[in-house]
$ cat start_15.cif   # mmCIF, C-alpha atoms
data_target
loop_
_atom_site.label_atom_id
_atom_site.label_comp_id
_atom_site.auth_asym_id
_atom_site.auth_seq_id
_atom_site.Cartn_x
_atom_site.Cartn_y
_atom_site.Cartn_z
CA MET A 1 -81.82 4.10 140.33
CA ARG A 2 -78.76 4.37 142.55
CA TYR A 3 -78.60 1.28 144.73
CA ALA A 4 -76.39 0.74 147.76
CA ASP A 5 -73.11 -0.78 146.62
CA ARG A 6 -73.00 -3.28 149.49
CA LEU A 7 -75.38 -5.57 147.60
CA ASP A 8 -72.94 -5.81 144.72
CA GLN A 9 -70.38 -7.31 147.09
CA LEU A 10 -72.60 -10.33 147.72
CA PRO A 11 -72.48 -13.46 145.57
CA VAL A 12 -75.76 -15.11 144.59
CA PHE A 13 -76.94 -17.17 147.57
CA VAL A 14 -75.94 -20.71 146.65
CA PHE A 15 -79.19 -22.41 147.60
CA SER A 16 -81.32 -19.88 145.76
CA GLU A 17 -79.29 -20.58 142.64
CA LEU A 18 -79.64 -24.34 143.17
CA ARG A 19 -83.43 -24.01 143.45
CA ARG A 20 -83.49 -21.96 140.24
CA ARG A 21 -81.42 -24.59 138.41
CA ILE A 22 -83.63 -27.42 139.71
CA SER A 23 -86.78 -25.66 138.47
CA GLU A 24 -85.15 -25.12 135.08
CA LEU A 25 -84.26 -28.79 134.67
CA GLN A 26 -87.62 -30.00 135.94
CA GLY A 27 -89.26 -27.72 133.39
CA LYS A 28 -87.41 -29.72 130.74
CA GLY A 29 -88.83 -32.97 132.10
CA ILE A 30 -85.63 -34.09 133.84
CA ASP A 31 -86.04 -36.16 137.01
CA VAL A 32 -83.95 -34.14 139.47
CA ILE A 33 -82.86 -35.49 142.85
CA SER A 34 -81.52 -32.77 145.12
CA LEU A 35 -78.78 -33.54 147.61
CA GLY A 36 -78.01 -29.83 147.72
CA SER A 37 -79.82 -27.67 150.28
CA GLY A 38 -80.20 -28.74 153.90
CA ASP A 39 -83.98 -28.88 154.16
CA PRO A 40 -85.29 -31.94 156.07
CA ASP A 41 -87.49 -34.37 154.16
CA GLN A 42 -89.22 -35.59 157.34
CA PRO A 43 -92.19 -33.78 158.96
CA THR A 44 -92.25 -31.75 162.15
CA PRO A 45 -93.31 -33.90 165.16
CA GLU A 46 -97.11 -34.24 165.32
CA ALA A 47 -97.31 -33.00 168.91
CA VAL A 48 -95.49 -29.81 167.91
CA VAL A 49 -97.89 -29.22 165.01
CA ARG A 50 -100.92 -29.82 167.24
CA ALA A 51 -99.64 -27.32 169.81
CA ALA A 52 -99.23 -24.67 167.11
CA GLN A 53 -102.67 -25.45 165.65
CA SER A 54 -104.23 -25.02 169.06
CA GLY A 55 -102.29 -21.79 169.50
CA LEU A 56 -103.67 -20.41 166.26
CA ALA A 57 -107.18 -20.68 167.70
CA SER A 58 -106.22 -18.56 170.71
CA ALA A 59 -107.13 -14.89 170.31
CA THR A 60 -104.09 -13.84 172.34
CA ASN A 61 -101.90 -15.08 169.48
CA HIS A 62 -103.73 -12.92 166.93
CA GLN A 63 -102.17 -9.71 168.20
CA TYR A 64 -98.62 -8.44 167.93
CA PRO A 65 -96.33 -10.78 169.87
CA GLU A 66 -93.91 -9.36 172.40
CA ASN A 67 -90.52 -9.06 170.75
CA LYS A 68 -88.84 -10.72 173.72
CA GLY A 69 -91.13 -13.71 173.31
CA LYS A 70 -93.36 -15.54 175.74
CA ALA A 71 -91.92 -16.14 179.19
CA LYS A 72 -92.89 -19.79 178.79
CA PHE A 73 -90.84 -20.02 175.59
CA ARG A 74 -87.76 -18.50 177.21
CA LYS A 75 -88.15 -20.85 180.16
CA ALA A 76 -88.43 -23.82 177.78
CA VAL A 77 -85.13 -22.82 176.13
CA SER A 78 -83.49 -22.46 179.54
CA SER A 79 -84.84 -25.82 180.69
CA PHE A 80 -83.64 -27.54 177.52
CA TYR A 81 -80.13 -26.12 177.88
CA GLN A 82 -79.98 -27.37 181.47
CA TYR A 83 -81.22 -30.81 180.42
CA ARG A 84 -79.14 -31.17 177.29
CA PHE A 85 -75.90 -29.28 178.00
CA ASN A 86 -75.90 -28.75 181.78
CA VAL A 87 -75.79 -25.01 181.04
CA THR A 88 -77.76 -22.68 183.31
CA LEU A 89 -79.51 -19.77 181.59
CA ASP A 90 -81.52 -16.97 183.14
CA PRO A 91 -84.67 -16.87 180.96
CA GLU A 92 -85.13 -13.18 181.75
CA GLY A 93 -81.71 -11.88 180.76
CA GLU A 94 -79.79 -14.59 178.89
CA VAL A 95 -82.38 -15.87 176.37
CA PHE A 96 -83.94 -13.99 173.44
CA PRO A 97 -86.12 -15.42 170.61
CA ILE A 98 -85.02 -15.22 167.00
CA LEU A 99 -86.69 -15.80 163.65
CA GLY A 100 -84.26 -18.57 162.78
CA GLY A 101 -80.47 -18.73 162.93
CA LYS A 102 -79.83 -16.79 159.72
CA GLU A 103 -81.58 -13.74 161.13
CA ALA A 104 -79.47 -13.78 164.28
CA ILE A 105 -76.22 -14.10 162.30
CA HIS A 106 -77.10 -10.97 160.32
CA HIS A 107 -78.41 -8.98 163.26
CA LEU A 108 -75.37 -9.71 165.40
CA SER A 109 -73.24 -8.26 162.61
CA MET A 110 -75.40 -5.13 162.73
CA LEU A 111 -75.00 -5.05 166.49
CA MET A 112 -71.21 -5.26 166.44
CA LEU A 113 -69.82 -3.90 163.17
CA SER A 114 -69.58 -0.49 161.52
CA ASN A 115 -67.05 1.71 159.75
CA GLN A 116 -65.05 -1.19 158.32
CA ASP A 117 -64.74 -3.11 161.60
CA VAL A 118 -63.47 -6.63 160.96
CA CYS A 119 -65.34 -9.90 161.39
CA LEU A 120 -63.40 -13.17 161.53
CA SER A 121 -65.38 -15.59 159.37
CA PRO A 122 -64.65 -19.27 158.68
CA THR A 123 -64.15 -20.57 155.16
CA PRO A 124 -65.68 -22.87 154.13
CA GLY A 125 -68.71 -21.74 156.09
CA TYR A 126 -72.38 -20.88 156.03
CA PRO A 127 -72.71 -17.97 153.55
CA PRO A 128 -74.33 -15.52 156.06
CA TYR A 129 -71.05 -15.49 157.99
CA ARG A 130 -69.84 -13.41 155.04
CA SER A 131 -72.99 -11.63 153.88
CA GLY A 132 -73.95 -10.46 157.39
CA PRO A 133 -70.75 -8.47 157.99
CA ILE A 134 -70.82 -7.02 154.46
CA LEU A 135 -74.40 -5.77 154.83
CA ALA A 136 -73.52 -4.29 158.22
CA GLY A 137 -70.73 -2.24 156.67
CA GLY A 138 -67.90 -4.33 158.06
CA GLN A 139 -64.99 -6.18 156.52
CA ILE A 140 -64.27 -9.88 156.49
CA PHE A 141 -61.10 -11.69 157.37
CA SER A 142 -61.45 -15.28 156.20
CA MET A 143 -60.19 -18.01 158.51
CA PRO A 144 -59.43 -21.16 156.46
CA LEU A 145 -60.67 -24.43 157.92
CA ALA A 146 -58.06 -26.91 156.74
CA GLU A 147 -58.64 -30.64 156.88
CA GLU A 148 -55.21 -31.24 158.38
CA ASN A 149 -56.26 -29.01 161.30
CA GLY A 150 -59.53 -30.85 161.88
CA PHE A 151 -61.41 -28.09 160.05
CA GLN A 152 -60.71 -25.71 162.91
CA PRO A 153 -59.21 -22.25 162.32
CA ASP A 154 -55.60 -21.58 163.21
CA LEU A 155 -56.18 -18.57 165.45
CA SER A 156 -52.45 -18.02 165.95
CA SER A 157 -52.04 -17.26 162.23
CA ILE A 158 -54.34 -14.22 162.24
CA PRO A 159 -52.22 -11.05 161.77
CA SER A 160 -52.06 -8.58 164.65
CA MET A 161 -53.13 -5.76 162.33
CA VAL A 162 -56.35 -7.65 161.64
CA LEU A 163 -56.98 -8.36 165.30
CA GLU A 164 -56.66 -4.67 166.17
CA LYS A 165 -59.74 -4.01 164.02
CA ALA A 166 -61.64 -7.22 164.73
CA LYS A 167 -64.72 -7.16 166.94
CA LEU A 168 -66.53 -10.37 166.07
CA ILE A 169 -65.76 -14.01 165.31
CA TYR A 170 -68.20 -16.60 163.94
CA LEU A 171 -67.80 -20.29 164.75
CA ASN A 172 -70.01 -23.28 164.02
CA TYR A 173 -69.58 -26.77 165.52
CA PRO A 174 -70.76 -29.32 164.62
CA ASN A 175 -69.77 -27.65 161.40
CA ASN A 176 -71.61 -26.97 158.19
CA PRO A 177 -70.43 -27.88 155.59
CA THR A 178 -67.54 -30.06 156.80
CA GLY A 179 -69.29 -32.06 159.53
CA ALA A 180 -66.30 -31.43 161.82
CA VAL A 181 -66.70 -31.26 165.59
CA ALA A 182 -64.86 -29.12 168.12
CA THR A 183 -62.76 -30.32 171.03
CA ASP A 184 -62.95 -28.94 174.56
CA THR A 185 -59.38 -27.76 174.13
CA PHE A 186 -60.30 -25.73 171.06
CA PHE A 187 -63.28 -24.07 172.75
CA SER A 188 -61.08 -23.16 175.73
CA LEU A 189 -58.52 -21.68 173.35
CA VAL A 190 -61.29 -19.62 171.73
CA VAL A 191 -62.36 -18.18 175.08
CA GLU A 192 -58.82 -17.06 175.92
CA PHE A 193 -58.29 -15.71 172.39
CA ALA A 194 -61.51 -13.67 172.52
CA ARG A 195 -60.72 -12.33 175.95
CA GLU A 196 -57.21 -11.28 174.88
CA HIS A 197 -58.43 -9.48 171.75
CA ASN A 198 -61.76 -8.15 173.05
CA LEU A 199 -63.88 -10.14 170.59
CA LEU A 200 -67.47 -11.29 170.70
CA VAL A 201 -67.70 -15.00 169.91
CA VAL A 202 -70.88 -16.03 168.10
CA HIS A 203 -71.20 -19.80 168.11
CA ASP A 204 -73.80 -21.10 165.67
CA ASN A 205 -75.15 -24.23 167.35
CA ALA A 206 -77.58 -25.27 164.63
CA TYR A 207 -76.53 -28.94 164.45
CA SER A 208 -75.89 -29.99 168.03
CA GLU A 209 -78.88 -32.34 168.09
CA LEU A 210 -77.95 -34.41 165.03
CA ALA A 211 -75.02 -36.64 165.97
CA PHE A 212 -73.93 -40.23 165.41
CA ASP A 213 -72.09 -43.19 166.90
CA GLY A 214 -72.85 -42.10 170.47
CA TYR A 215 -71.25 -38.67 170.08
CA LYS A 216 -72.97 -35.85 172.02
CA PRO A 217 -71.99 -32.33 170.91
CA LYS A 218 -71.52 -29.75 173.64
CA SER A 219 -72.67 -26.18 173.88
CA PHE A 220 -69.90 -23.60 173.56
CA LEU A 221 -71.39 -22.00 176.67
CA SER A 222 -70.40 -25.05 178.73
CA THR A 223 -66.78 -23.88 178.32
CA PRO A 224 -65.50 -22.02 181.41
CA GLY A 225 -65.52 -18.28 180.72
CA ALA A 226 -67.69 -18.53 177.59
CA PHE A 227 -70.46 -16.37 179.06
CA ASP A 228 -67.96 -13.54 179.46
CA ILE A 229 -67.21 -13.25 175.77
CA GLY A 230 -69.83 -15.13 173.82
CA VAL A 231 -73.35 -15.94 172.73
CA GLU A 232 -74.76 -19.02 171.06
CA VAL A 233 -77.36 -19.21 168.31
CA PHE A 234 -79.68 -22.18 168.80
CA SER A 235 -82.24 -23.17 166.18
CA LEU A 236 -84.99 -25.78 166.10
CA SER A 237 -84.83 -25.97 162.30
CA LYS A 238 -82.77 -29.11 161.76
CA GLY A 239 -83.22 -31.20 164.91
CA TRP A 240 -87.02 -30.98 164.88
CA ASN A 241 -87.57 -30.58 161.10
CA MET A 242 -88.82 -27.02 161.57
CA THR A 243 -86.94 -25.09 158.90
CA GLY A 244 -90.10 -23.32 157.74
CA TRP A 245 -91.15 -22.30 161.25
CA ARG A 246 -88.27 -19.83 161.78
CA VAL A 247 -87.96 -20.32 165.52
CA GLY A 248 -84.83 -20.26 167.63
CA SER A 249 -83.04 -18.27 170.30
CA ILE A 250 -79.84 -16.43 171.05
CA VAL A 251 -78.45 -17.25 174.48
CA GLY A 252 -75.45 -16.27 176.57
CA ASN A 253 -73.75 -13.01 177.53
CA ARG A 254 -76.25 -10.82 179.37
CA ASP A 255 -74.99 -7.50 178.01
CA VAL A 256 -75.09 -8.72 174.39
CA ILE A 257 -78.62 -10.08 174.91
CA SER A 258 -79.66 -6.70 176.31
CA ARG A 259 -78.25 -4.85 173.32
CA TYR A 260 -79.87 -7.38 170.98
CA ALA A 261 -83.20 -6.74 172.71
CA HIS A 262 -82.72 -3.04 171.96
CA LEU A 263 -82.03 -3.71 168.28
CA LYS A 264 -84.78 -6.22 167.47
CA PRO A 265 -87.96 -4.12 168.04
CA ASN A 266 -86.60 -1.67 165.48
CA ILE A 267 -86.57 -4.44 162.85
CA ASP A 268 -89.52 -6.77 163.40
CA SER A 269 -92.40 -7.58 165.75
CA GLY A 270 -91.30 -10.96 167.04
CA ILE A 271 -92.35 -14.58 166.55
CA CYS A 272 -96.02 -15.50 166.12
CA GLY A 273 -97.30 -16.77 169.47
CA ALA A 274 -98.71 -19.97 167.97
CA LEU A 275 -95.30 -20.88 166.57
CA GLN A 276 -93.80 -20.29 170.00
CA ASP A 277 -96.40 -22.66 171.44
CA GLY A 278 -95.21 -25.32 169.03
CA ALA A 279 -91.57 -24.63 169.88
CA ILE A 280 -92.34 -24.95 173.60
CA THR A 281 -93.68 -28.44 172.97
CA ALA A 282 -90.60 -29.30 170.90
CA LEU A 283 -88.26 -28.26 173.72
CA THR A 284 -90.23 -30.02 176.46
CA ASP A 285 -92.45 -32.96 175.48
CA GLU A 286 -90.50 -33.64 172.27
CA ARG A 287 -87.01 -32.73 173.46
CA ASP A 288 -85.65 -36.17 172.54
CA PHE A 289 -87.14 -36.20 169.03
CA PRO A 290 -83.79 -35.33 167.38
CA LYS A 291 -82.47 -38.72 168.50
CA LYS A 292 -84.91 -40.32 166.05
CA MET A 293 -83.66 -38.09 163.26
CA SER A 294 -80.05 -38.86 164.16
CA LYS A 295 -80.71 -42.58 163.62
CA ILE A 296 -82.19 -41.86 160.20
CA TYR A 297 -79.29 -39.65 159.14
CA GLN A 298 -76.70 -42.08 160.49
CA ALA A 299 -78.14 -44.88 158.33
CA ARG A 300 -78.06 -42.59 155.30
CA ARG A 301 -74.51 -41.51 156.12
CA ASP A 302 -73.37 -45.12 156.31
CA LEU A 303 -74.99 -45.92 152.98
CA VAL A 304 -73.39 -42.99 151.13
CA VAL A 305 -69.95 -43.41 152.67
CA SER A 306 -69.76 -47.13 151.97
CA ARG A 307 -70.91 -46.74 148.37
CA LEU A 308 -68.70 -43.79 147.46
CA LYS A 309 -65.65 -45.27 149.15
CA THR A 310 -65.79 -48.17 146.72
CA LEU A 311 -65.33 -45.62 143.94
CA GLY A 312 -62.07 -44.44 145.47
CA LEU A 313 -63.39 -41.10 146.74
CA ASP A 314 -61.69 -39.55 149.78
CA ILE A 315 -64.67 -39.62 152.12
CA LYS A 316 -64.93 -40.01 155.89
CA PRO A 317 -67.98 -40.64 158.10
CA GLN A 318 -68.68 -37.48 160.09
CA LYS A 319 -69.77 -37.57 163.73
CA ALA A 320 -72.56 -35.03 163.33
CA THR A 321 -74.69 -32.94 160.92
CA PRO A 322 -76.81 -34.28 158.04
CA PHE A 323 -74.01 -33.52 155.57
CA ILE A 324 -71.09 -35.32 153.99
CA TRP A 325 -68.02 -33.32 152.93
CA CYS A 326 -65.95 -35.04 150.29
CA LYS A 327 -63.01 -34.24 148.04
CA THR A 328 -63.78 -34.04 144.34
CA PRO A 329 -62.36 -36.86 142.21
CA ARG A 330 -59.09 -36.24 140.39
CA GLN A 331 -58.79 -32.79 142.03
CA MET A 332 -61.53 -31.42 139.80
CA GLU A 333 -62.80 -27.88 140.36
CA SER A 334 -65.88 -28.17 142.56
CA THR A 335 -68.28 -26.24 140.31
CA LYS A 336 -67.08 -28.22 137.29
CA PHE A 337 -67.62 -31.54 139.07
CA THR A 338 -71.04 -30.75 140.52
CA GLY A 339 -72.13 -29.16 137.24
CA ASP A 340 -71.13 -32.28 135.31
CA VAL A 341 -72.96 -34.50 137.78
CA LEU A 342 -76.10 -32.39 137.51
CA ASP A 343 -76.06 -32.28 133.71
CA ARG A 344 -75.36 -36.00 133.29
CA THR A 345 -77.42 -37.48 136.14
CA GLY A 346 -79.93 -34.91 137.37
CA VAL A 347 -78.39 -35.14 140.86
CA VAL A 348 -77.79 -31.86 142.70
CA LEU A 349 -74.64 -31.60 144.83
CA SER A 350 -73.29 -28.42 146.46
CA PRO A 351 -69.89 -27.22 145.20
CA GLY A 352 -67.45 -26.60 148.01
CA SER A 353 -66.49 -23.21 146.60
CA ALA A 354 -70.03 -21.97 147.33
CA PHE A 355 -69.07 -22.00 151.01
CA GLY A 356 -65.94 -19.91 150.51
CA ALA A 357 -62.56 -20.11 148.82
CA ALA A 358 -61.22 -22.78 151.19
CA GLY A 359 -64.06 -25.06 150.14
CA GLU A 360 -62.60 -25.47 146.66
CA GLY A 361 -61.78 -29.07 145.84
CA TYR A 362 -64.69 -30.43 147.88
CA PHE A 363 -68.39 -31.00 147.46
CA ARG A 364 -71.21 -31.40 149.98
CA ILE A 365 -73.92 -34.04 150.05
CA ALA A 366 -77.06 -33.27 152.07
CA LEU A 367 -78.66 -36.42 153.46
CA MET A 368 -82.10 -34.82 153.56
CA THR A 369 -84.01 -36.80 150.97
CA LYS A 370 -86.07 -39.99 151.08
CA ASP A 371 -84.07 -43.20 151.36
CA GLU A 372 -85.20 -44.48 147.96
CA ALA A 373 -84.27 -41.21 146.25
CA LEU A 374 -80.91 -41.14 148.02
CA GLU A 375 -80.08 -44.66 146.83
CA GLU A 376 -81.11 -43.75 143.27
CA ALA A 377 -78.97 -40.60 143.39
CA ILE A 378 -75.90 -42.50 144.54
CA TYR A 379 -76.52 -45.14 141.87
CA ARG A 380 -76.58 -42.43 139.18
CA VAL A 381 -73.35 -40.89 140.47
CA GLU A 382 -71.73 -44.33 140.51
CA GLN A 383 -72.53 -44.77 136.82
CA ILE A 384 -70.49 -41.74 135.77
CA LEU A 385 -67.62 -42.20 138.20
#
$ encode --input "start_15.cif" --output "structure tokens"
Amino acid sequence: MRYADRLDQLPVFVFSELRRRISELQGKGIDVISLGSGDPDQPTPEAVVRAAQSGLASATNHQYPENKGKAKFRKAVSSFYQYRFNVTLDPEGEVFPILGGKEAIHHLSMLMLSNQDVCLSPTPGYPPYRSGPILAGGQIFSMPLAEENGFQPDLSSIPSMVLEKAKLIYLNYPNNPTGAVATDTFFSLVVEFAREHNLLVVHDNAYSELAFDGYKPKSFLSTPGAFDIGVEVFSLSKGWNMTGWRVGSIVGNRDVISRYAHLKPNIDSGICGALQDGAITALTDERDFPKKMSKIYQARRDLVVSRLKTLGLDIKPQKATPFIWCKTPRQMESTKFTGDVLDRTGVVLSPGSAFGAAGEGYFRIALMTKDEALEEAIYRVEQIL
């Protein structure tokens, strides 16, 4: 067999490897506690589940869905954006359903990149910011997110030769894995930068609804001029505990949405209507549900930060996301540290290097496990540190 060489350029997806390792250890009878992948431990809101169950009984949802989604779903997204971010969206031309954020990241690469076009991708960052461009036939220029710069890229340091070939830039705030948040000044700088260099900005807004200490993340589209050069990927996965539902939307620039609507029917047949019915309820009747989850994650954050600080780890409480980003002790290599922790305690942590080269020297803790298991995991880590 002669396979396409693009697949050989991709590393093993970190969370798939973590799941494989967990299964291996559990098969040996080891009690594994995973603080690795970002999959909520709490259920989807009951009202959302009931709406989807009712939708499954409707014969209209048994046929192919329209790829552009139900008008009621698009209107629910538009209404939520007005309520939450004071951003006005036309549900007919500025909203399009997606099968989760990961899909949109990949498809936007297909939409924009070919023939070695360049994508500006953050490191550390969500792995699809690298795999999407590679699979689309593009090249990646990695933008380091340094702690001394607030985990924001230094756009002025990108070489002009790179910018001549660049067509796309991925951003993500609140940020996974670092938990960093963006300032209004930074978003304004991004708009001017994209306009100057004719770039499409794709802002992954997966974590805007999970924030702490009174902080309220903004939509990138609330930045003046953002609609001219950008789109935003919005997912219900984390805020409403709907990772398995694969429901979200891409919103923003009308021309990009139009081109996306041309691409999508050639790839899939859209979101099951019953799942859209559930998502509509999430964005309307249950639009404040993420506030409940934020309280849960804030309590877990406070527990982990206070306990690990006493061990001398360089750890700071983040303002948003259900993750903690921490430097490894004694400048240990991240895979070595997390591997040692797993072997000696059965606790799964994500090595920073799995999110890109600039993640080396850090590890990520996902706060998405039951409180009792989280406390036990931290206790085990304390014993070896």
$ residues_around --input "start_15.cif" --residues "Ala57 of chain A" --least-positions-apart "4" --cutoff "12 Å" --atoms "all atoms listed in the file" --output "PyMOL selection string"
chain A and resi 50-53+61-62+273-275+277
$ atom_distance --input "start_15.cif" --atom1 "atom CA of Ser109 of chain A" --atom2 "atom CA of Leu18 of chain A"
26.0 Å
$ residues_around --input "start_15.cif" --residues "Gly359 of chain A" --least-positions-apart "5" --cutoff "9 Å" --atoms "only C-alpha atoms" --output "list in words"
Thr123, Pro124, Gly125, Pro144, Leu145, Pro177, Ser334, Pro351, Gly352, Ser353 and Ala354 of chain A
$ atom_distance --input "start_15.cif" --atom1 "atom CA of Asp314 of chain A" --atom2 "atom CA of Glu147 of chain A"
11.8 Å
$ residues_around --input "start_15.cif" --residues "Val48 of chain A" --least-positions-apart "2" --cutoff "12 Å" --atoms "only C-alpha atoms" --output "PyMOL selection string"
chain A and resi 43-46+50-55+236+240-242+245+274-287+289
$ atom_distance --input "start_15.cif" --atom1 "atom CA of Ala358 of chain A" --atom2 "atom CA of Phe151 of chain A"
10.3 Å
$ resolve_selection --input "start_15.cif" --expression "the PyMOL selection byres ((chain A and resi 93) around 12)" --output "list of chain:residue names"
A:Lys68, A:Ala71, A:Arg74, A:Lys75, A:Ser78, A:Thr88, A:Leu89, A:Asp90, A:Pro91, A:Glu92, A:Glu94, A:Val95, A:Phe96, A:Pro97, A:Ile250, A:Val251, A:Gly252, A:Asn253, A:Arg254, A:Asp255, A:Val256, A:Ile257, A:Ser258, A:Arg259, A:Tyr260, A:Ala261
$ resolve_selection --input "start_15.cif" --expression "the PyMOL selection byres ((chain A and resi 175) around 10)" --output "JSON list (two decimals) with C-alpha atoms, in the frame of the given file"
[["chain", "number", "residue", "atom", "x", "y", "z"],
["A", 124, "PRO", "CA", -65.68, -22.87, 154.13],
["A", 125, "GLY", "CA", -68.71, -21.74, 156.09],
["A", 126, "TYR", "CA", -72.38, -20.88, 156.03],
["A", 151, "PHE", "CA", -61.41, -28.09, 160.05],
["A", 152, "GLN", "CA", -60.71, -25.71, 162.91],
["A", 171, "LEU", "CA", -67.80, -20.29, 164.75],
["A", 172, "ASN", "CA", -70.01, -23.28, 164.02],
["A", 173, "TYR", "CA", -69.58, -26.77, 165.52],
["A", 174, "PRO", "CA", -70.76, -29.32, 164.62],
["A", 176, "ASN", "CA", -71.61, -26.97, 158.19],
["A", 177, "PRO", "CA", -70.43, -27.88, 155.59],
["A", 178, "THR", "CA", -67.54, -30.06, 156.80],
["A", 179, "GLY", "CA", -69.29, -32.06, 159.53],
["A", 180, "ALA", "CA", -66.30, -31.43, 161.82],
["A", 181, "VAL", "CA", -66.70, -31.26, 165.59],
["A", 182, "ALA", "CA", -64.86, -29.12, 168.12],
["A", 204, "ASP", "CA", -73.80, -21.10, 165.67],
["A", 205, "ASN", "CA", -75.15, -24.23, 167.35],
["A", 206, "ALA", "CA", -77.58, -25.27, 164.63],
["A", 207, "TYR", "CA", -76.53, -28.94, 164.45],
["A", 208, "SER", "CA", -75.89, -29.99, 168.03],
["A", 318, "GLN", "CA", -68.68, -37.48, 160.09],
["A", 320, "ALA", "CA", -72.56, -35.03, 163.33],
["A", 321, "THR", "CA", -74.69, -32.94, 160.92],
["A", 323, "PHE", "CA", -74.01, -33.52, 155.57]]
$ residues_around --input "start_15.cif" --residues "Ile105 of chain A" --least-positions-apart "4" --cutoff "7 Å" --atoms "only C-alpha atoms" --output "PDB file with C-alpha atoms, keeping the file's coordinate frame"
ATOM      1  CA  GLY A 101     -80.470 -18.730 162.930  1.00  0.00           C
ATOM      2  CA  SER A 109     -73.240  -8.260 162.610  1.00  0.00           C
ATOM      3  CA  PRO A 128     -74.330 -15.520 156.060  1.00  0.00           C
ATOM      4  CA  TYR A 129     -71.050 -15.490 157.990  1.00  0.00           C
ATOM      5  CA  GLY A 132     -73.950 -10.460 157.390  1.00  0.00           C
TER       6      GLY A 132
END
$ closest_residue --input "start_15.cif" --among "A:Val49, A:Val231, A:Ala4, A:Leu342" --to "Ile134 of chain A" --atoms "only C-alpha atoms"
A:Ala4
$ resolve_selection --input "start_15.cif" --expression "the PyMOL selection byres ((chain A and resi 140) around 9)" --output "JSON list (two decimals) with C-alpha atoms, in the coordinates of the input"
[["chain", "number", "residue", "atom", "x", "y", "z"],
["A", 116, "GLN", "CA", -65.05, -1.19, 158.32],
["A", 117, "ASP", "CA", -64.74, -3.11, 161.60],
["A", 118, "VAL", "CA", -63.47, -6.63, 160.96],
["A", 119, "CYS", "CA", -65.34, -9.90, 161.39],
["A", 120, "LEU", "CA", -63.40, -13.17, 161.53],
["A", 121, "SER", "CA", -65.38, -15.59, 159.37],
["A", 129, "TYR", "CA", -71.05, -15.49, 157.99],
["A", 130, "ARG", "CA", -69.84, -13.41, 155.04],
["A", 133, "PRO", "CA", -70.75, -8.47, 157.99],
["A", 134, "ILE", "CA", -70.82, -7.02, 154.46],
["A", 138, "GLY", "CA", -67.90, -4.33, 158.06],
["A", 139, "GLN", "CA", -64.99, -6.18, 156.52],
["A", 141, "PHE", "CA", -61.10, -11.69, 157.37],
["A", 142, "SER", "CA", -61.45, -15.28, 156.20]]
$ residues_around --input "start_15.cif" --residues "Leu155 of chain A" --least-positions-apart "3" --cutoff "12 Å" --atoms "only C-alpha atoms" --output "list of chain:residue names"
A:Leu120, A:Ser121, A:Pro122, A:Phe141, A:Ser142, A:Met143, A:Pro144, A:Leu145, A:Asn149, A:Gln152, A:Ile158, A:Pro159, A:Ser160, A:Val162, A:Leu163, A:Ile169, A:Leu171, A:Phe186, A:Phe187, A:Leu189, A:Val190, A:Val191, A:Glu192, A:Phe193, A:Ala194, A:Glu196, A:His197
$ closest_residue --input "start_15.cif" --among "A:Ser37, A:Ser249, A:Gln42, A:Ser79" --to "Lys292 of chain A" --atoms "only C-alpha atoms"
A:Gln42
$ decode --input "start_15.cif" --residues "segment 37-52 of chain A" --atoms "C-alpha atoms" --output "JSON list (two decimals), in the first residue's frame"
[["chain", "number", "residue", "atom", "x", "y", "z"],
["A", 37, "SER", "CA", -7.98, 14.77, 28.82],
["A", 38, "GLY", "CA", -10.52, 17.57, 29.08],
["A", 39, "ASP", "CA", -13.73, 15.55, 29.22],
["A", 40, "PRO", "CA", -16.27, 16.82, 31.80],
["A", 41, "ASP", "CA", -17.20, 14.46, 34.62],
["A", 42, "GLN", "CA", -20.59, 16.13, 35.14],
["A", 43, "PRO", "CA", -23.71, 15.30, 33.07],
["A", 44, "THR", "CA", -25.38, 17.40, 30.39],
["A", 45, "PRO", "CA", -28.24, 19.51, 31.84],
["A", 46, "GLU", "CA", -31.42, 17.44, 32.19],
["A", 47, "ALA", "CA", -33.53, 19.90, 30.21],
["A", 48, "VAL", "CA", -31.11, 19.62, 27.28],
["A", 49, "VAL", "CA", -31.28, 15.81, 27.37],
["A", 50, "ARG", "CA", -35.08, 15.87, 27.51],
["A", 51, "ALA", "CA", -35.26, 18.17, 24.50],
["A", 52, "ALA", "CA", -33.04, 15.83, 22.49]]
